[in-house]
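Colleague: I am attaching a structure below and will ask some questions about it afterwards.
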Amino acid sequence: MTNTQKLNIGISACLLGEKVRFDGGHKALTFANQTLSQYVNFKPVCPEVGIGMSVPRKPIRLVETQGDVKLLDSRDNQLDYTDKMLEFSTRQCSQLTHLNGFILTSKSPSCGMERMKVYDEEGNLQHRKGVGLFAKTLMQMHPNLPVEEDGRLNDAALRENFISRIFVHANWHQTVAQSDQIKDLIAFHSNHKYQIMAHSYQAYKNLGKLVANQQKLDFDTLKQMYFSQLMQSLKNIAGRKKHCNVLMHLQGYFKRDISAQDKQELNHLILHYRQGLVPLLAPLTLIKHFLKLHPNEYLAQQTYFNPYPLEMGLNG
Ligand code: SF4
């Protein structure tokens, strides 16, 4: 996957500014509309309009009744949209095989991916552990798909994490998903090693073992196991400590090539990054500079250096 190819991202339609909410409004997400739109093709879905509800419409909510969670009219329990919504969601999600990620609207009984309010039949709040019915179907049918909510994307670390995951997801589908060649999986793992390490050192080791023991599994099973573990592990936030570990590994490649002074400069930058005094780009840019002076094919292939377009300005 090159950083110039556009990814396909599903999105709750109201986040794109479409006036489809129950009150006739929208919930336009600036990051999606102004930044992400330059790099992705959005596929908007409004599940409530999809099941034939009007705009504007009466609000609906999640109600727990006899162990089931249903999607009911907020004022009239007889108006039950559960079956329609589940049928629409299953049909819609079965057609979403080409997506690299999905951005959902928080606090919606249809699109909310977590912490949704769930009521009892009398209208009393029971808990906030619900999941919107469309979101639940989406995550069950596509467990490896990167999924995030609009509110969480305002957090810099969660936003960076989501963007990293959608690009890895796209890389996988570009190079390995359709392949029957073990060499493609080996190359993918090799190129993503340091990016994986930045999210989880344990996953880096486990995935390496999985690829090394490939002869024990048929290739489709191996790919399925690898991809599932990979996408789960990438949900771990790549924090400063983990990045420093990766930077130290990368530094090791130049130990014979660079002067003591250059080594010291890089050490200082890594330390300053760890202390939060400079952004990740500072030590990374110096390592890239060393890489230009002392080419190393293996390192040059690492997605860690360019996990997504630099212009997205996400490197903290
Ligand atoms: S949150 Fe989902 S169901 Fe509600 S308006 Fe937005 S897209 Fe439609």
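Labels used: A, B, ... for chains in the order of the structure tokens, numbers from 1 for residues in each chain, and numbers from 1 for ligands as shown.
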Please give me, as a list in words, the residues lying within 6 Å of ligand 1 when counting only C-alpha atoms and all ligand atoms.
Modeller: Ser12, Ala13, Cys14, Val20, Arg21, Val45, Cys46, Pro47, Glu48, Thr105, Ser108, Ser110 and Cys111 of chain A
Colleague: Kindly export the residues of the current selection with C-alpha atoms, as an mmCIF file, in the first residue's frame.
Modeller:
```cif
data_model
loop_
_atom_site.group_PDB
_atom_site.id
_atom_site.type_symbol
_atom_site.label_atom_id
_atom_site.label_comp_id
_atom_site.auth_asym_id
_atom_site.auth_seq_id
_atom_site.Cartn_x
_atom_site.Cartn_y
_atom_site.Cartn_z
ATOM 1 C CA SER A 12 -22.059 7.168 10.130
ATOM 2 C CA ALA A 13 -23.605 9.566 7.624
ATOM 3 C CA CYS A 14 -24.325 12.334 10.158
ATOM 4 C CA VAL A 20 -30.106 12.620 8.983
ATOM 5 C CA ARG A 21 -30.302 12.791 12.784
ATOM 6 C CA VAL A 45 -24.376 4.750 6.156
ATOM 7 C CA CYS A 46 -27.324 5.938 8.253
ATOM 8 C CA PRO A 47 -28.908 2.792 9.695
ATOM 9 C CA GLU A 48 -32.024 4.589 10.975
ATOM 10 C CA THR A 105 -21.306 8.183 16.012
ATOM 11 C CA SER A 108 -26.490 6.628 19.277
ATOM 12 C CA SER A 110 -27.870 2.420 16.471
ATOM 13 C CA CYS A 111 -24.266 3.559 15.886
#
```
Colleague: What's the 8 Å shell around region 28-31 of chain A, counting only C-alpha atoms, without same-chain residues fewer than 5 positions away, as a ChimeraX atom specification?
Modeller: /A:14-18,36,150
Colleague: Please write the residues from the selection above to a file, keeping C-alpha atoms, as a compact mmCIF listing (two decimals), in the first residue's frame.
Modeller:
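See again.txt below for the written result:
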```txt
# COMPACT_ATOMS: atom_id res chain seq x y z
CA CYS A 14 -24.33 12.33 10.16
CA LEU A 15 -20.55 12.65 10.78
CA LEU A 16 -20.10 13.75 7.17
CA GLY A 17 -22.57 16.58 7.75
CA GLU A 18 -25.61 14.82 6.32
CA LEU A 36 -9.14 12.31 6.56
CA ASP A 150 -16.22 10.38 16.70
```
Colleague: If you run DSSP over the backbone, which residues in region 118-211 of chain A end up strand (DSSP E)? Put them as JSON, numbers by chain.
Modeller: {"A": [118, 119, 125, 126, 127, 128, 129, 130, 147, 148, 149]}
Colleague: I'd like to know which of A:Gly151, A:Pro59, A:Gly67, A:Gly252 is closest to Phe290 (chain A), using only C-alpha atoms.
Modeller: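 Distance minimum relative to Phe290 (chain A) lands on A:Gly252.
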Colleague: May I ask which of the residues A:Met139, A:Asn8, A:Thr97, A:Ile60 is the closest one to Ser37 (chain A), counting only C-alpha atoms?
Modeller: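 The closest residue to Ser37 (chain A) is A:Asn8.
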Colleague: Between CA of Arg115 (chain A) and CA of Glu87 (chain A), what is the distance in Å, rounded to a tenth?
Modeller: 23.0 Å
Colleague: So, counting only C-alpha atoms, which residue among A:His98, A:Lys241, A:Lys209, A:Lys216 is closest to His173 (chain A)?
Modeller: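 Residue with the minimum atom-to-atom distance to His173 (chain A): A:His98.
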Colleague: Between A:Ala198, A:Ala238, A:Ile11, A:Leu207, which has the minimum distance to Leu138 (chain A) (counting only C-alpha atoms)?
Modeller: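 Between A:Ala198, A:Ala238, A:Ile11, A:Leu207, the residue approaching Leu138 (chain A) most closely is A:Ile11.
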Colleague: Nearest to Lys136 (chain A) among A:Gly123, A:Leu158, A:Leu86, A:Arg152, with distances taken over only C-alpha atoms: which residue is it?
Modeller: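 Using only C-alpha atoms, Lys136 (chain A) sits closest to A:Leu86.
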Colleague: One number please: CA of Gln214 (chain A) to CA of Gln232 (chain A), in Å, one decimal.
Modeller: 19.9 Å
Colleague: Which of region 26-170 of chain A counts as helix (DSSP H, G or I) under DSSP, as an MDAnalysis selection string please?
Modeller: chainID A and resid 30:38 47:50 82:94 133:141 152:154 156:170
Colleague: Keeping only C-alpha atoms, take the residues you just selected and write them out as a CSV table (one decimal), in the first residue's frame.
Modeller:
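The new file out.csv reads:
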```
chain,number,residue,atom,x,y,z
A,30,THR,CA,-14.1,18.1,11.5
A,31,PHE,CA,-11.2,15.6,11.4
A,32,ALA,CA,-13.1,13.4,9.0
A,33,ASN,CA,-14.3,16.2,6.7
A,34,GLN,CA,-11.2,18.3,6.6
A,35,THR,CA,-8.2,15.9,7.1
A,36,LEU,CA,-9.1,12.3,6.6
A,37,SER,CA,-11.3,13.0,3.5
A,38,GLN,CA,-8.1,13.8,1.5
A,47,PRO,CA,-28.9,2.8,9.7
A,48,GLU,CA,-32.0,4.6,11.0
A,49,VAL,CA,-32.8,6.2,7.6
A,50,GLY,CA,-31.8,2.8,6.1
A,82,THR,CA,-35.1,-4.2,16.7
A,83,ASP,CA,-35.8,-6.8,13.9
A,84,LYS,CA,-35.7,-4.2,11.1
A,85,MET,CA,-32.4,-2.8,12.4
A,86,LEU,CA,-30.8,-6.2,12.8
A,87,GLU,CA,-32.0,-7.3,9.4
A,88,PHE,CA,-30.7,-4.0,7.8
A,89,SER,CA,-27.4,-4.2,9.7
A,90,THR,CA,-26.7,-7.8,8.8
A,91,ARG,CA,-27.4,-7.2,5.1
A,92,GLN,CA,-25.4,-3.9,5.0
A,93,CYS,CA,-22.4,-5.3,6.9
A,94,SER,CA,-22.2,-8.4,4.7
A,133,LEU,CA,-27.4,-2.4,17.3
A,134,PHE,CA,-25.7,-1.5,14.0
A,135,ALA,CA,-22.3,-1.0,15.7
A,136,LYS,CA,-22.7,-4.4,17.4
A,137,THR,CA,-23.5,-6.2,14.2
A,138,LEU,CA,-20.6,-4.5,12.4
A,139,MET,CA,-18.0,-5.4,15.1
A,140,GLN,CA,-19.3,-9.0,15.3
A,141,MET,CA,-19.2,-9.6,11.5
A,152,ARG,CA,-12.7,9.1,20.8
A,153,LEU,CA,-11.1,10.5,17.6
A,154,ASN,CA,-10.7,13.9,19.4
A,156,ALA,CA,-4.6,12.5,19.8
A,157,ALA,CA,-3.4,9.0,20.9
A,158,LEU,CA,-6.6,7.2,19.9
A,159,ARG,CA,-6.7,9.1,16.6
A,160,GLU,CA,-3.1,8.2,15.8
A,161,ASN,CA,-3.9,4.6,16.7
A,162,PHE,CA,-6.9,4.4,14.5
A,163,ILE,CA,-5.1,5.9,11.5
A,164,SER,CA,-2.2,3.4,12.0
A,165,ARG,CA,-4.6,0.5,12.0
A,166,ILE,CA,-6.5,1.5,8.9
A,167,PHE,CA,-3.3,1.8,6.9
A,168,VAL,CA,-2.0,-1.6,8.2
A,169,HIS,CA,-5.4,-3.1,7.3
A,170,ALA,CA,-5.1,-1.7,3.8
```
Colleague: Compile the contact shell of Lys263 (chain A) as number ranges by chain: residues with an atom at most 12 Å away, counting only C-alpha atoms, same-chain residues fewer than 2 positions apart removed.
Modeller: A: 248, 250-261, 265-270, 283, 286-287, 290
Colleague: Include N, CA and C atoms and write out the residues we just selected as a compact mmCIF listing (two decimals), in the first residue's frame.
Modeller:
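Output file result_35.txt follows:
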```
# COMPACT_ATOMS: atom_id res chain seq x y z
N MET A 248 15.64 2.60 20.04
CA MET A 248 16.93 2.01 20.48
C MET A 248 17.31 0.84 19.57
N LEU A 250 16.46 0.54 16.45
CA LEU A 250 16.85 1.12 15.16
C LEU A 250 18.26 1.73 15.24
N GLN A 251 18.52 2.35 16.37
CA GLN A 251 19.83 2.96 16.59
C GLN A 251 20.94 1.91 16.45
N GLY A 252 20.63 0.68 16.92
CA GLY A 252 21.61 -0.40 16.87
C GLY A 252 22.11 -0.71 15.47
N TYR A 253 21.29 -0.43 14.45
CA TYR A 253 21.70 -0.73 13.07
C TYR A 253 22.85 0.17 12.60
N PHE A 254 23.04 1.30 13.29
CA PHE A 254 24.05 2.26 12.83
C PHE A 254 25.28 2.31 13.72
N LYS A 255 25.37 1.36 14.66
CA LYS A 255 26.42 1.51 15.67
C LYS A 255 27.84 1.52 15.08
N ARG A 256 28.01 0.83 13.93
CA ARG A 256 29.36 0.81 13.33
C ARG A 256 29.56 1.93 12.31
N ASP A 257 28.45 2.55 11.93
CA ASP A 257 28.53 3.52 10.82
C ASP A 257 28.61 4.98 11.24
N ILE A 258 28.09 5.31 12.40
CA ILE A 258 28.03 6.73 12.75
C ILE A 258 29.05 7.06 13.85
N SER A 259 29.41 8.31 13.91
CA SER A 259 30.44 8.75 14.87
C SER A 259 29.87 8.76 16.30
N ALA A 260 30.79 8.84 17.26
CA ALA A 260 30.38 8.90 18.67
C ALA A 260 29.52 10.14 18.92
N GLN A 261 29.85 11.20 18.22
CA GLN A 261 29.09 12.45 18.38
C GLN A 261 27.65 12.29 17.86
N GLU A 265 24.12 12.47 19.90
CA GLU A 265 23.02 13.36 19.51
C GLU A 265 21.70 12.57 19.44
N LEU A 266 21.79 11.36 18.85
CA LEU A 266 20.58 10.54 18.74
C LEU A 266 20.10 10.10 20.13
N ASN A 267 21.07 9.71 20.98
CA ASN A 267 20.71 9.33 22.36
C ASN A 267 19.97 10.45 23.07
N HIS A 268 20.48 11.68 22.90
CA HIS A 268 19.83 12.83 23.55
C HIS A 268 18.42 13.02 23.04
N LEU A 269 18.26 12.89 21.70
CA LEU A 269 16.93 13.09 21.13
C LEU A 269 15.95 12.03 21.63
N ILE A 270 16.44 10.78 21.73
CA ILE A 270 15.55 9.70 22.22
C ILE A 270 15.16 10.00 23.67
N PRO A 283 13.74 12.34 16.84
CA PRO A 283 14.69 11.23 16.68
C PRO A 283 14.47 10.45 15.38
N LEU A 286 16.24 12.08 12.47
CA LEU A 286 17.70 11.86 12.50
C LEU A 286 18.04 10.44 12.05
N ILE A 287 17.24 9.47 12.49
CA ILE A 287 17.49 8.08 12.06
C ILE A 287 17.30 7.96 10.54
N PHE A 290 20.37 9.21 8.95
CA PHE A 290 21.45 8.20 8.99
C PHE A 290 21.19 7.11 7.95
```
Colleague: Name the closest residue to Gln224 (chain A) among the candidates A:Val278, A:Pro143, A:Asp73, A:Ala300; distances are taken between atoms, counting only C-alpha atoms.
Modeller: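 Going through A:Val278, A:Pro143, A:Asp73, A:Ala300 one by one, the smallest distance to Gln224 (chain A) is for A:Pro143.
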Colleague: Quick check, in Å to one decimal: how far apart do CA of Arg274 (chain A) and CA of His243 (chain A) lie?
Modeller: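 Taking CA of Arg274 (chain A) as the start and CA of His243 (chain A) as the end point, the length is 8.5 Å.
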